[in-house]
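*Asks:* If it helps, the file is called upload.txt and holds compact mmCIF, C-alpha atoms and all ligand atoms:
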```txt
# COMPACT_ATOMS: atom_id res chain seq x y z
CA MET Q 957 0.00 0.00 0.00
CA LYS Q 958 1.50 3.33 -0.99
CA ILE Q 959 0.82 5.34 2.08
CA ARG Q 960 2.79 7.79 4.19
CA ILE Q 961 2.10 10.32 6.88
CA GLU Q 962 3.14 13.93 7.13
CA ASP Q 963 2.17 15.85 10.24
CA ASP Q 964 -1.23 14.40 10.99
CA GLU Q 965 -2.17 13.86 7.40
CA ILE Q 966 -2.29 10.52 5.65
CA LEU Q 967 -0.99 10.74 2.12
CA ILE Q 968 -2.22 7.94 -0.06
CA ASP Q 969 -1.22 7.30 -3.59
CA LEU Q 970 -4.49 6.62 -5.37
CA THR Q 971 -2.99 6.63 -8.83
CA GLY Q 972 -3.27 3.52 -10.90
CA LYS Q 973 -6.04 1.02 -10.84
CA GLU Q 974 -4.93 -0.98 -7.83
CA ARG Q 975 -7.03 -0.65 -4.75
CA GLU Q 976 -5.48 -0.08 -1.36
CA THR Q 977 -5.62 -3.55 0.02
CA LEU Q 978 -4.46 -4.93 3.32
CA ASN Q 979 -5.13 -8.56 2.71
CA ILE Q 980 -6.32 -10.58 -0.21
CA LYS Q 981 -9.57 -11.83 1.25
CA ILE Q 982 -11.11 -8.58 2.42
CA ALA Q 983 -9.99 -5.28 0.99
CA LEU Q 984 -10.16 -2.03 2.90
CA THR Q 985 -10.19 0.87 0.46
CA ILE Q 986 -9.54 4.46 1.44
CA LEU Q 987 -12.13 6.52 -0.45
CA LYS Q 988 -11.27 9.92 0.97
CA LYS Q 989 -8.39 11.04 3.15
CA ASN Q 990 -10.23 13.91 4.80
CA PHE Q 991 -13.73 15.10 5.63
CA THR Q 992 -15.24 18.16 3.95
CA LEU Q 993 -18.15 19.95 5.59
CA LYS Q 994 -21.16 20.55 3.35
CA LEU Q 995 -22.52 24.02 2.62
CA TYR Q 996 -25.94 24.65 4.12
CA ASP Q 997 -28.23 27.38 2.78
CA VAL Q 998 -29.73 27.80 6.21
CA ILE Q 999 -26.40 28.85 7.75
CA GLN Q 1000 -26.05 32.61 7.41
CA LYS Q 1001 -23.71 34.09 4.82
CA LYS Q 1002 -23.10 37.38 6.58
CA SER Q 1003 -20.29 37.48 9.08
CA ALA Q 1004 -20.73 37.10 12.80
CA ILE Q 1005 -18.63 38.15 15.77
CA LEU Q 1006 -17.76 35.65 18.45
CA ALA Q 1007 -15.27 36.23 21.29
CA GLY Q 1008 -13.79 39.13 19.35
CA LYS Q 1009 -13.24 37.05 16.20
CA SER Q 1010 -14.98 37.66 12.91
CA LEU Q 1011 -16.35 34.51 11.31
CA SER Q 1012 -18.31 33.53 8.27
CA PRO Q 1013 -20.52 30.69 9.53
CA HIS Q 1014 -21.72 29.70 6.05
CA TYR Q 1015 -18.22 29.11 4.71
CA TYR Q 1016 -16.74 27.95 8.04
CA THR Q 1017 -14.03 30.60 8.12
CA CYS Q 1018 -12.69 32.60 11.05
CA SER Q 1019 -10.22 35.42 11.65
CA CYS Q 1020 -8.44 33.68 14.56
CA LYS Q 1021 -4.82 32.51 14.44
CA ASP Q 1022 -5.71 28.81 14.70
CA TYR Q 1023 -7.94 29.04 11.68
CA ARG Q 1024 -5.49 31.08 9.62
CA MET Q 1025 -2.72 28.57 10.32
CA SER Q 1026 -4.80 25.52 9.43
CA ALA Q 1027 -6.19 27.28 6.35
CA GLU Q 1028 -2.68 27.41 4.97
CA ILE Q 1029 -2.39 23.63 5.20
CA TYR Q 1030 -5.85 22.16 4.64
CA PRO Q 1031 -8.43 22.61 1.86
CA LYS Q 1032 -11.61 24.66 2.14
CA ARG Q 1033 -14.22 23.34 4.59
CA ASP Q 1034 -11.87 20.56 5.72
CA LEU Q 1035 -12.75 19.39 9.23
CA ARG Q 1036 -9.17 20.08 10.29
CA ARG Q 1037 -9.67 23.79 9.56
CA ILE Q 1038 -12.53 24.18 12.00
CA CYS Q 1039 -11.58 26.28 15.03
CA LYS Q 1040 -13.34 26.52 18.38
CA HIS Q 1041 -15.14 29.72 17.32
CA ILE Q 1042 -16.76 28.10 14.28
CA PHE Q 1043 -17.59 25.03 16.34
CA THR Q 1044 -19.15 27.14 19.10
CA TYR Q 1045 -21.20 29.19 16.65
CA ILE Q 1046 -22.45 26.19 14.67
CA SER Q 1047 -23.28 24.19 17.78
CA LYS Q 1048 -25.11 27.13 19.34
CA TYR Q 1049 -27.22 28.13 16.35
CA HIS Q 1050 -27.20 25.39 13.74
CA PHE Q 1051 -26.79 21.96 15.30
CA ASP Q 1052 -30.29 20.99 14.23
CA ASP Q 1053 -29.61 22.14 10.68
CA ILE Q 1054 -26.57 20.00 9.93
CA ASP Q 1055 -26.53 16.25 9.34
CA LEU Q 1056 -25.71 13.78 12.08
CA ILE Q 1057 -22.39 12.71 10.57
CA THR Q 1058 -21.09 16.28 10.37
CA ARG Q 1059 -22.39 17.06 13.85
CA THR Q 1060 -20.70 13.97 15.27
CA PHE Q 1061 -17.33 14.75 13.68
CA LEU Q 1062 -17.45 18.37 14.85
CA GLU Q 1063 -18.23 17.28 18.38
CA HIS Q 1064 -15.58 14.58 18.38
CA LYS Q 1065 -12.95 16.96 17.09
CA PHE Q 1066 -13.37 19.03 20.23
CA TRP Q 1067 -14.52 16.45 22.76
CA TYR Q 1068 -12.24 13.55 21.82
CA LYS Q 1069 -9.44 15.41 20.01
CA ILE Q 1070 -10.13 13.63 16.73
CA SER Q 1071 -7.89 15.50 14.31
CA ASN Q 1072 -8.88 13.95 10.99
CA VAL Q 1073 -11.52 11.63 9.58
CA ILE Q 1074 -11.07 9.40 6.55
CA GLU Q 1075 -13.75 7.63 4.52
CA VAL Q 1076 -13.21 3.95 3.83
CA GLU Q 1077 -14.92 1.03 2.18
CA LEU Q 1078 -14.82 -2.52 3.44
CA ASP Q 1079 -16.91 -5.41 2.21
CA LYS Q 1080 -19.19 -2.99 0.29
CA LYS Q 1081 -19.80 -0.95 3.44
CA ILE Q 1082 -18.79 2.71 3.43
CA PHE Q 1083 -17.91 4.25 6.77
CA PHE Q 1084 -15.49 6.60 8.54
CA ILE Q 1085 -12.41 6.31 10.72
CA GLY Q 1086 -11.28 9.25 12.84
CA TYR Q 1087 -8.00 9.45 14.73
CA THR Q 1088 -6.16 11.65 17.19
CA LYS Q 1089 -3.09 13.63 16.17
CA ASP Q 1090 -0.81 11.08 17.86
CA PHE Q 1091 -2.48 8.20 15.94
CA GLU Q 1092 -3.24 6.40 19.19
CA ILE Q 1093 -7.02 6.57 19.42
CA PHE Q 1094 -9.09 5.55 16.40
CA ASN Q 1095 -12.87 5.98 16.29
CA VAL Q 1096 -14.88 3.96 13.79
CA TYR Q 1097 -18.16 5.57 12.70
CA LEU Q 1098 -20.77 3.54 10.86
CA PRO Q 1099 -23.17 6.13 9.34
CA TRP Q 1100 -26.15 3.78 9.74
CA ASN Q 1101 -25.37 3.27 13.40
CA LEU Q 1102 -24.76 6.79 14.70
CA PRO Q 1103 -24.55 8.18 17.32
CA VAL Q 1104 -22.93 4.90 18.38
CA PHE Q 1105 -19.23 4.71 17.52
CA TYR Q 1106 -16.39 2.31 18.25
CA SER Q 1107 -13.11 3.40 19.76
CA TYR Q 1108 -9.83 1.53 19.45
CA ASN Q 1109 -6.81 2.31 21.64
CA CYS Q 1110 -3.49 1.42 19.98
CA ILE Q 1111 -1.51 1.57 23.23
CA ILE Q 1112 -3.49 -1.12 25.03
CA LYS Q 1113 -4.63 -2.71 21.75
CA LYS Q 1114 -8.24 -2.87 22.80
CA TRP Q 1115 -11.68 -1.77 21.67
CA LYS Q 1116 -13.35 0.40 24.29
CA ASP Q 1117 -15.88 -1.63 26.28
CA PHE Q 1118 -14.94 -4.59 24.02
CA ALA Q 1119 -17.37 -3.17 21.46
CA GLU Q 1120 -16.22 -3.97 17.92
CA PRO Q 1121 -17.76 -2.33 14.83
CA PHE Q 1122 -18.90 -5.46 13.00
CA GLN Q 1123 -20.33 -8.84 13.83
CA GLU Q 1124 -18.08 -10.43 11.22
CA LYS Q 1125 -14.77 -11.23 12.89
CA ASP Q 1126 -12.80 -10.93 9.63
CA LEU Q 1127 -13.93 -7.34 9.14
CA ASN Q 1128 -12.89 -6.34 12.65
CA ILE Q 1129 -9.50 -8.00 12.13
CA THR Q 1130 -9.01 -6.08 8.88
CA ILE Q 1131 -9.88 -2.77 10.54
CA THR Q 1132 -7.60 -3.45 13.50
CA LYS Q 1133 -4.72 -4.35 11.17
CA PHE Q 1134 -5.31 -1.17 9.21
CA ILE Q 1135 -5.35 0.93 12.39
CA HIS Q 1136 -2.10 -0.62 13.63
CA ARG Q 1137 -0.53 -0.01 10.27
CA LEU Q 1138 -1.38 3.69 10.43
CA ASN Q 1139 -0.13 3.84 14.00
CA MET Q 1140 3.17 2.22 12.98
CA ILE Q 1141 3.66 4.47 9.98
CA SER Q 1142 3.11 7.53 12.17
CA LYS Q 1143 5.93 6.44 14.49
CA LYS Q 1144 8.52 6.25 11.70
ZN ZN Q 1201 -11.58 30.90 15.19
```
Can you turn what I pasted into structure tokens?
Ligand SMILES: [Zn+2]

*Replies:*
Amino acid sequence: MKIRIEDDEILIDLTGKERETLNIKIALTILKKNFTLKLYDVIQKKSAILAGKSLSPHYYTCSCKDYRMSAEIYPKRDLRRICKHIFTYISKYHFDDIDLITRTFLEHKFWYKISNVIEVELDKKIFFIGYTKDFEIFNVYLPWNLPVFYSYNCIIKKWKDFAEPFQEKDLNITITKFIHRLNMISKK
């Protein structure tokens, strides 16, 4: 698998026709290496002031230093760009307007320090894996099962509360292998 990590970003070579496979029997494909927030008409376009910062809620931009720094690295509306001001504004005024997946990722970014979320496909199921900046905690989000999520700790090599994402053992093994692979790559 052509994959490397820079800062907290996974860089995957998706060129060519080969899929990103971890074993021959069940393939885990990375569909997207980040999460982009959707635009919502209902979120106001005019700017707002929060804690002395000027933000544009509709486009998820802010004048604070955190935002400006992450905006230099990450694409528009990338989850990793979202600062605490945007999060506070959206959660205060628009949490009922945005979809459950987006809401969950925004919350987990600030509550569980999830720094990035990737979209994957395994056994024809499409779902998300979020991870902390140190690549030690990985949360698996099945869109059809939210708000339930599954958390894997790479240090103790255990699923939180022994709750694994799938009933099929092979799928859980594949995910765990994938997670450990990312954890190992991040340590190099
Ligand atoms: Zn901000």

*Asks:* Name all residues at most 12 Å from Asp1117 of chain Q (count only C-alpha atoms; drop same-chain ones fewer than 6 positions away) and give them as a PyMOL selection string.

*Replies:* chain Q and resi 1105-1109

*Asks:* As a quick test: using only C-alpha atoms and all ligand atoms, which residues lie no more than 12 Å away from ligand ZN 1201 (chain Q)? Give them as number ranges by chain.

*Replies:* Q: 1004-1013, 1016-1027, 1037-1046

*Asks:* Residues of segment 1016-1116 of chain Q that have any atom at most 12 Å from an atom of segment 983-986 of chain Q: could you tabulate them with the shortest-distance atom pair and the distance in Å to one decimal, using all atoms listed in the file, ordered by chain and increasing number, as JSON lines?

*Replies:*
```
{"residue": "Q:Val1073", "atom": "CA", "partner": "Q:Ile986", "partner_atom": "CA", "distance": 11.0}
{"residue": "Q:Ile1074", "atom": "CA", "partner": "Q:Ile986", "partner_atom": "CA", "distance": 7.3}
{"residue": "Q:Glu1075", "atom": "CA", "partner": "Q:Ile986", "partner_atom": "CA", "distance": 6.1}
{"residue": "Q:Val1076", "atom": "CA", "partner": "Q:Ile986", "partner_atom": "CA", "distance": 4.4}
{"residue": "Q:Glu1077", "atom": "CA", "partner": "Q:Thr985", "partner_atom": "CA", "distance": 5.0}
{"residue": "Q:Leu1078", "atom": "CA", "partner": "Q:Leu984", "partner_atom": "CA", "distance": 4.7}
{"residue": "Q:Asp1079", "atom": "CA", "partner": "Q:Ala983", "partner_atom": "CA", "distance": 7.0}
{"residue": "Q:Lys1080", "atom": "CA", "partner": "Q:Leu984", "partner_atom": "CA", "distance": 9.4}
{"residue": "Q:Lys1081", "atom": "CA", "partner": "Q:Leu984", "partner_atom": "CA", "distance": 9.7}
{"residue": "Q:Ile1082", "atom": "CA", "partner": "Q:Thr985", "partner_atom": "CA", "distance": 9.3}
{"residue": "Q:Phe1083", "atom": "CA", "partner": "Q:Ile986", "partner_atom": "CA", "distance": 9.9}
{"residue": "Q:Phe1084", "atom": "CA", "partner": "Q:Ile986", "partner_atom": "CA", "distance": 9.5}
{"residue": "Q:Ile1085", "atom": "CA", "partner": "Q:Ile986", "partner_atom": "CA", "distance": 9.9}
```

*Asks:* What is the distance, in Å and to one decimal place, between atom CA of Thr1058 of chain Q and atom CA of Tyr1097 of chain Q?

*Replies:*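 It comes out at 11.3 Å.
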
*Asks:* Identify, on the basis of only C-alpha atoms, every residue whose closest approach to segment 996-1002 of chain Q does not exceed 8 Å; exclude the query and any residue fewer than 4 positions from it along the same chain; express the result as a ChimeraX atom specification.

*Replies:* /Q:1012-1015,1050,1053-1054

*Asks:* Might you pull out every residue within 12 Å of Lys1114 of chain Q, with only C-alpha atoms counted and same-chain residues fewer than 5 positions away left off, and present them as a ChimeraX atom specification?

*Replies:* /Q:1092-1095,1106-1109,1119-1120,1128-1129,1132,1135-1136
